[in-house]
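Novice: So that we are looking at the same thing, I have put the structure below in structure tokens.
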Amino acid sequence: MMIESIQPLHHSSKHTTQWHHHPGGQLYWITRGMVMVETEQGQWALTPGSVGWIPPSLPHCAWMPVSAYGASLHFSAEFCGVFPSSPCVRAASPFLLLLLEKICGEGTIGEPSERLAHLLQVMVDEIRYADALSSQLILPDDRRVRQIAQKILADRACTLSQAELAKQAGLSVRTLSRLFIQQTGLTFGQWKQKAKVILSLEYLLRGEPVSLVAQLAGYENVSAFIAVFRRFMGMTPGQFYLRLNAEELESLLTK
């Protein structure tokens with residue numbers, strides 16, 4: 001497995017990368033902060049405790065809601081068959097995070113040594129069997145429906161109803177509902193809820209109180225926001241924040 005480059009990742013808040021692609025595959029992981037990655041298929045929120053994979057030649061872009069630190073590993077296309085065939089974000093165990101630190105510390109580019117080759121194989125196995133994270137938001141294929149989805153993502157304070165958004169796009173409510181379910185696997189309401197949850201991660205990473213995060217996400221009732229967050233993320237906002245702080249502290253202590 002050939003590593004073409006290992007690049008430190010340090011981007012300030014609101015930094016963006018334009019649409020681009022790499023001849024080979026890209027593996028990235030965050031030690032602090034958050035990166036939003038977008039492909040034609042969807043958006044992913046990459047936070048500490050996860051790793052992201054972009055297959056060769058896949059167009060993508062990224063932006064940083066908050067300052068982000070981490071690393072990016074690039075692999076030759078001919079060696080990427082051992083990785084997942086689709087872009088994904090996987091849960092990173094403490095063991096996998098330590099492996100990544102060790103591999104990045106080696107700094108070997110090109111054909112790896114026998115020792116590094118073993119570490120890379122273990123890393124690949126850990127990624128292949130890691131749980132998929134729920135921070136993925138599938139985007140609709142239909143141009144009109146995607147415009148509605150992008151409007152919701154771009155305007156967090158959007159209060160337009162489903163009927164109003166459908167009318168703006170020249171669709172009936174029934175058609176909009178059918179296309180959302182067919183192309184994202186979620187109803188319009190579920191998709192909008194999940195979008196607001198993923199966008200709220202930025203404020204949680206900044207340490208904002210859950211009550212304020214709920215308000216910024218458009219919820220007047222904090223309990224309702226916590227219930228929706230738990231449904232999509234598998235934990236409460238408070239548990240999410242504590243987990244990230246614990247992982248960040250562990251990362252700093254092991255350096």
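How things are named: the first chain in the structure tokens is A, the next is B, and so on; residues count from 1 in each chain; ligands count from 1 in the order shown.
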I need the helix (DSSP H, G or I) residues of region 23-215 of chain A per DSSP on the backbone, written as a PyMOL selection string.
Specialist: chain A and resi 77-82+94-106+114-128+143-154+162-168+173-184+188-205+210-215
Novice: When DSSP is applied to the backbone of this structure, which of region 4-248 of chain A are assigned strand (DSSP E or B)? Write them out as number ranges by chain.
Specialist: A: 4-11, 16-20, 25-38, 42-46, 50-54, 60-75, 88-91, 110, 132, 136-138
Novice: Report the distance between CA of Leu186 (chain A) and CA of Tyr241 (chain A) in Å, rounded to one decimal place.
Specialist: 26.0 Å
Novice: CA of Gln190 (chain A) to CA of Ala169 (chain A): how many Å, to one decimal?
Specialist: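 Atom-to-atom, CA of Gln190 (chain A) to CA of Ala169 (chain A), that is 19.3 Å.
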Novice: One decimal, Å: what's the distance from CA of Trp53 (chain A) over to CA of Leu242 (chain A), could you say?
Specialist: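 Here the two named atoms are 25.0 Å from each other.
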Novice: Find, counting only C-alpha atoms, the residue in A:Ser134, A:Gln121, A:Ser85, A:Ser67 that gets nearest to Leu99 (chain A).
Specialist: A:Gln121
Novice: Pick the closest to Gln162 (chain A) from A:Tyr203, A:Phe180, A:Phe225, A:Phe188: which is it, counting only C-alpha atoms?
Specialist: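 For Gln162 (chain A), the nearest of the given residues is A:Phe188.
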Novice: Skipping near chain neighbours, those fewer than 2 positions away, what residues fall within 9 Å of Trp63 (chain A) using only C-alpha atoms, listed as a list in words?
Specialist: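 Surrounding residues, per the criterion: Ser13, Lys14, His15, Thr16, Thr17, Gln18, Met34, Val35, Met36, Val37, Glu38, Cys61, Pro65 and Val66 of chain A.
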Novice: Using N, CA and C atoms, can you write the selected residues to a file as a compact mmCIF listing (two decimals), in the first residue's frame?
Specialist:
# COMPACT_ATOMS: atom_id res chain seq x y z
N SER A 13 -11.50 28.75 11.15
CA SER A 13 -12.94 28.76 11.00
C SER A 13 -13.35 29.44 9.70
N LYS A 14 -14.35 28.85 9.04
CA LYS A 14 -14.93 29.34 7.78
C LYS A 14 -14.05 29.10 6.56
N HIS A 15 -12.91 28.43 6.75
CA HIS A 15 -12.08 28.09 5.58
C HIS A 15 -12.84 27.11 4.68
N THR A 16 -12.71 27.29 3.38
CA THR A 16 -13.38 26.40 2.43
C THR A 16 -12.38 25.90 1.40
N THR A 17 -12.62 24.72 0.89
CA THR A 17 -11.87 24.20 -0.26
C THR A 17 -12.86 24.04 -1.40
N GLN A 18 -12.48 24.47 -2.58
CA GLN A 18 -13.37 24.39 -3.74
C GLN A 18 -13.51 22.95 -4.21
N MET A 34 -13.98 20.62 13.50
CA MET A 34 -15.00 19.97 12.68
C MET A 34 -14.79 20.34 11.21
N VAL A 35 -14.99 19.36 10.34
CA VAL A 35 -14.93 19.58 8.90
C VAL A 35 -16.21 19.03 8.28
N MET A 36 -16.84 19.84 7.44
CA MET A 36 -18.00 19.39 6.67
C MET A 36 -17.50 19.04 5.27
N VAL A 37 -17.68 17.80 4.86
CA VAL A 37 -17.27 17.33 3.54
C VAL A 37 -18.50 17.07 2.70
N GLU A 38 -18.47 17.52 1.45
CA GLU A 38 -19.61 17.33 0.57
C GLU A 38 -19.20 16.67 -0.73
N CYS A 61 -15.79 18.78 -1.89
CA CYS A 61 -15.35 20.05 -1.34
C CYS A 61 -15.52 19.98 0.17
N PRO A 65 -16.71 24.77 9.85
CA PRO A 65 -17.56 25.63 10.69
C PRO A 65 -16.77 26.24 11.85
N VAL A 66 -15.78 25.50 12.35
CA VAL A 66 -14.87 25.96 13.40
C VAL A 66 -13.46 25.57 12.98
Novice: When distances are computed from only C-alpha atoms, which of A:Ile6, A:Ala195, A:Leu133, A:Leu58 shows the smallest separation from Glu101 (chain A)?
Specialist: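 Answer, going by the shortest atom-to-atom distance: A:Ile6.
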Novice: Could you check the closest approach to Leu9 (chain A) for each of A:Ser177, A:Gln150, A:Gln26, A:Ser72 and tell me which residue wins, using only C-alpha atoms?
Specialist: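 Ranked by minimum distance to Leu9 (chain A), first place goes to A:Ser72.
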Novice: Excluding Cys88 (chain A) and any residue of its chain fewer than 5 positions from it, enumerate the residues within 9 Å of it, using only C-alpha atoms, and give them as a PyMOL selection string.
Specialist: chain A and resi 44+51-54+132-133+136
Novice: With only C-alpha atoms as the atoms that count, which of A:Gln43, A:Asp125, A:Ser12, A:Ala166 lies nearest to Arg178 (chain A)?
Specialist: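 Comparing A:Gln43, A:Asp125, A:Ser12, A:Ala166 against Arg178 (chain A), the winner is A:Ala166.
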Novice: For His10 (chain A), which residue among A:Leu171, A:Leu216, A:Met64, A:Val210 is the nearest when counting only C-alpha atoms?
Specialist: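 Selected residue with least distance to His10 (chain A): A:Met64.
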Novice: Using only C-alpha atoms, determine which residues lie at most 9 Å from Thr39 (chain A), disregarding the query and same-chain residues fewer than 6 positions distant; provide the list as a list in words.
Specialist: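 These residues fall inside the cut-off: Trp19, Leu58, Pro59, His60, Cys61, Ala62, Pro87 and Leu139 of chain A.
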Novice: With C-alpha atoms retained, could you export that selection as a PDB file, in the first residue's frame?
Specialist:
ATOM      1  CA  TRP A  19     -14.662  21.380  -5.633  1.00  0.00           C
ATOM      2  CA  LEU A  58     -14.389  11.516  -6.526  1.00  0.00           C
ATOM      3  CA  PRO A  59     -15.235  15.264  -6.690  1.00  0.00           C
ATOM      4  CA  HIS A  60     -15.664  16.803  -3.254  1.00  0.00           C
ATOM      5  CA  CYS A  61     -15.347  20.051  -1.340  1.00  0.00           C
ATOM      6  CA  ALA A  62     -15.087  20.954   2.330  1.00  0.00           C
ATOM      7  CA  PRO A  87     -17.170   7.819   0.589  1.00  0.00           C
ATOM      8  CA  LEU A 139     -28.637  14.876  -0.758  1.00  0.00           C
TER       9      LEU A 139
END
Novice: Give me the residues within 12 Å of Leu119 (chain A) as an NGL selection string, counting only C-alpha atoms and dropping any in the same chain fewer than 6 places off.
Specialist: :A and (1 or 95-96 or 98-106 or 112-113 or 125-126)
Novice: Keeping all heavy atoms, export the residues of the selection given above as a tab-separated table (two decimals), in the first residue's frame.
Specialist:
chain	number	residue	atom	x	y	z
A	1	MET	N	0.85	-1.19	0.00
A	1	MET	CA	0.00	0.00	0.00
A	1	MET	C	0.89	1.24	0.00
A	1	MET	O	1.68	1.44	0.92
A	1	MET	CB	-0.89	-0.01	1.24
A	1	MET	CG	-1.91	1.11	1.26
A	1	MET	SD	-2.84	1.06	2.78
A	1	MET	CE	-3.44	-0.62	2.74
A	95	PHE	N	-7.76	2.69	19.59
A	95	PHE	CA	-6.67	1.94	18.97
A	95	PHE	C	-6.39	2.47	17.56
A	95	PHE	O	-5.23	2.66	17.17
A	95	PHE	CB	-7.04	0.46	18.91
A	95	PHE	CG	-6.02	-0.39	18.20
A	95	PHE	CD1	-4.71	-0.47	18.64
A	95	PHE	CD2	-6.38	-1.12	17.07
A	95	PHE	CE1	-3.78	-1.26	17.99
A	95	PHE	CE2	-5.46	-1.90	16.40
A	95	PHE	CZ	-4.15	-1.97	16.86
A	96	LEU	N	-7.45	2.73	16.78
A	96	LEU	CA	-7.27	3.25	15.43
A	96	LEU	C	-6.63	4.64	15.46
A	96	LEU	O	-5.76	4.94	14.65
A	96	LEU	CB	-8.62	3.31	14.70
A	96	LEU	CG	-8.61	3.93	13.30
A	96	LEU	CD1	-7.60	3.22	12.39
A	96	LEU	CD2	-10.00	3.89	12.68
A	98	LEU	N	-4.60	5.81	17.71
A	98	LEU	CA	-3.18	5.64	18.03
A	98	LEU	C	-2.40	5.13	16.81
A	98	LEU	O	-1.27	5.53	16.57
A	98	LEU	CB	-3.01	4.67	19.20
A	98	LEU	CG	-3.42	5.21	20.58
A	98	LEU	CD1	-3.37	4.10	21.62
A	98	LEU	CD2	-2.51	6.35	21.00
A	99	LEU	N	-3.03	4.23	16.05
A	99	LEU	CA	-2.40	3.74	14.82
A	99	LEU	C	-2.14	4.88	13.84
A	99	LEU	O	-1.05	4.97	13.25
A	99	LEU	CB	-3.31	2.71	14.15
A	99	LEU	CG	-3.10	1.23	14.45
A	99	LEU	CD1	-4.15	0.41	13.71
A	99	LEU	CD2	-1.70	0.78	14.06
A	100	LEU	N	-3.13	5.74	13.67
A	100	LEU	CA	-2.98	6.87	12.75
A	100	LEU	C	-1.87	7.81	13.19
A	100	LEU	O	-1.08	8.30	12.37
A	100	LEU	CB	-4.30	7.62	12.63
A	100	LEU	CG	-5.39	6.90	11.83
A	100	LEU	CD1	-6.74	7.56	12.06
A	100	LEU	CD2	-5.04	6.91	10.35
A	101	GLU	N	-1.79	8.06	14.50
A	101	GLU	CA	-0.70	8.90	15.01
A	101	GLU	C	0.65	8.26	14.72
A	101	GLU	O	1.60	8.95	14.33
A	101	GLU	CB	-0.87	9.11	16.52
A	101	GLU	CG	-1.99	10.08	16.88
A	101	GLU	CD	-2.00	10.41	18.36
A	101	GLU	OE1	-1.00	10.11	19.04
A	101	GLU	OE2	-2.99	10.98	18.82
A	102	LYS	N	0.74	6.96	14.90
A	102	LYS	CA	2.00	6.24	14.66
A	102	LYS	C	2.37	6.29	13.18
A	102	LYS	O	3.52	6.55	12.81
A	102	LYS	CB	1.86	4.79	15.12
A	102	LYS	CG	3.16	4.00	15.11
A	102	LYS	CD	4.13	4.54	16.15
A	102	LYS	CE	5.39	3.70	16.22
A	102	LYS	NZ	6.38	4.29	17.16
A	103	ILE	N	1.38	6.06	12.31
A	103	ILE	CA	1.63	6.05	10.86
A	103	ILE	C	2.05	7.44	10.40
A	103	ILE	O	3.00	7.59	9.62
A	103	ILE	CB	0.39	5.56	10.11
A	103	ILE	CG1	0.17	4.07	10.37
A	103	ILE	CG2	0.51	5.83	8.61
A	103	ILE	CD1	-1.18	3.55	9.93
A	104	CYS	N	1.36	8.47	10.86
A	104	CYS	CA	1.72	9.83	10.47
A	104	CYS	C	3.09	10.21	11.02
A	104	CYS	O	3.83	10.95	10.38
A	104	CYS	CB	0.67	10.82	10.98
A	104	CYS	SG	-0.92	10.69	10.11
A	105	GLY	N	3.42	9.67	12.19
A	105	GLY	CA	4.73	9.96	12.77
A	105	GLY	C	5.88	9.33	12.01
A	105	GLY	O	7.02	9.82	12.05
A	106	GLU	N	5.59	8.24	11.30
A	106	GLU	CA	6.65	7.58	10.53
A	106	GLU	C	7.14	8.49	9.39
A	106	GLU	O	8.32	8.50	9.08
A	106	GLU	CB	6.12	6.27	9.94
A	106	GLU	CG	5.83	5.19	10.96
A	106	GLU	CD	7.08	4.57	11.53
A	106	GLU	OE1	8.10	4.54	10.81
A	106	GLU	OE2	7.03	4.12	12.69
A	112	PRO	N	6.12	1.46	1.55
A	112	PRO	CA	6.41	1.43	2.98
A	112	PRO	C	7.37	0.31	3.36
A	112	PRO	O	7.53	-0.68	2.64
A	112	PRO	CB	5.03	1.19	3.59
A	112	PRO	CG	4.29	0.42	2.55
A	112	PRO	CD	4.78	0.95	1.24
A	113	SER	N	7.99	0.49	4.52
A	113	SER	CA	8.81	-0.57	5.07
A	113	SER	C	7.90	-1.72	5.49
A	113	SER	O	6.68	-1.58	5.54
A	113	SER	CB	9.58	-0.04	6.28
A	113	SER	OG	8.67	0.31	7.31
A	125	ASP	N	-7.96	-2.75	8.23
A	125	ASP	CA	-8.90	-3.69	8.85
A	125	ASP	C	-9.78	-2.98	9.87
A	125	ASP	O	-11.00	-3.23	9.95
A	125	ASP	CB	-8.15	-4.83	9.53
A	125	ASP	CG	-7.54	-5.80	8.52
A	125	ASP	OD1	-7.98	-5.79	7.35
A	125	ASP	OD2	-6.63	-6.55	8.90
A	126	GLU	N	-9.17	-2.09	10.67
A	126	GLU	CA	-9.93	-1.35	11.67
A	126	GLU	C	-10.99	-0.47	11.02
A	126	GLU	O	-12.13	-0.38	11.49
A	126	GLU	CB	-8.99	-0.48	12.52
A	126	GLU	CG	-8.17	-1.26	13.53
A	126	GLU	CD	-9.04	-1.79	14.66
A	126	GLU	OE1	-9.74	-0.99	15.31
A	126	GLU	OE2	-9.03	-3.02	14.87
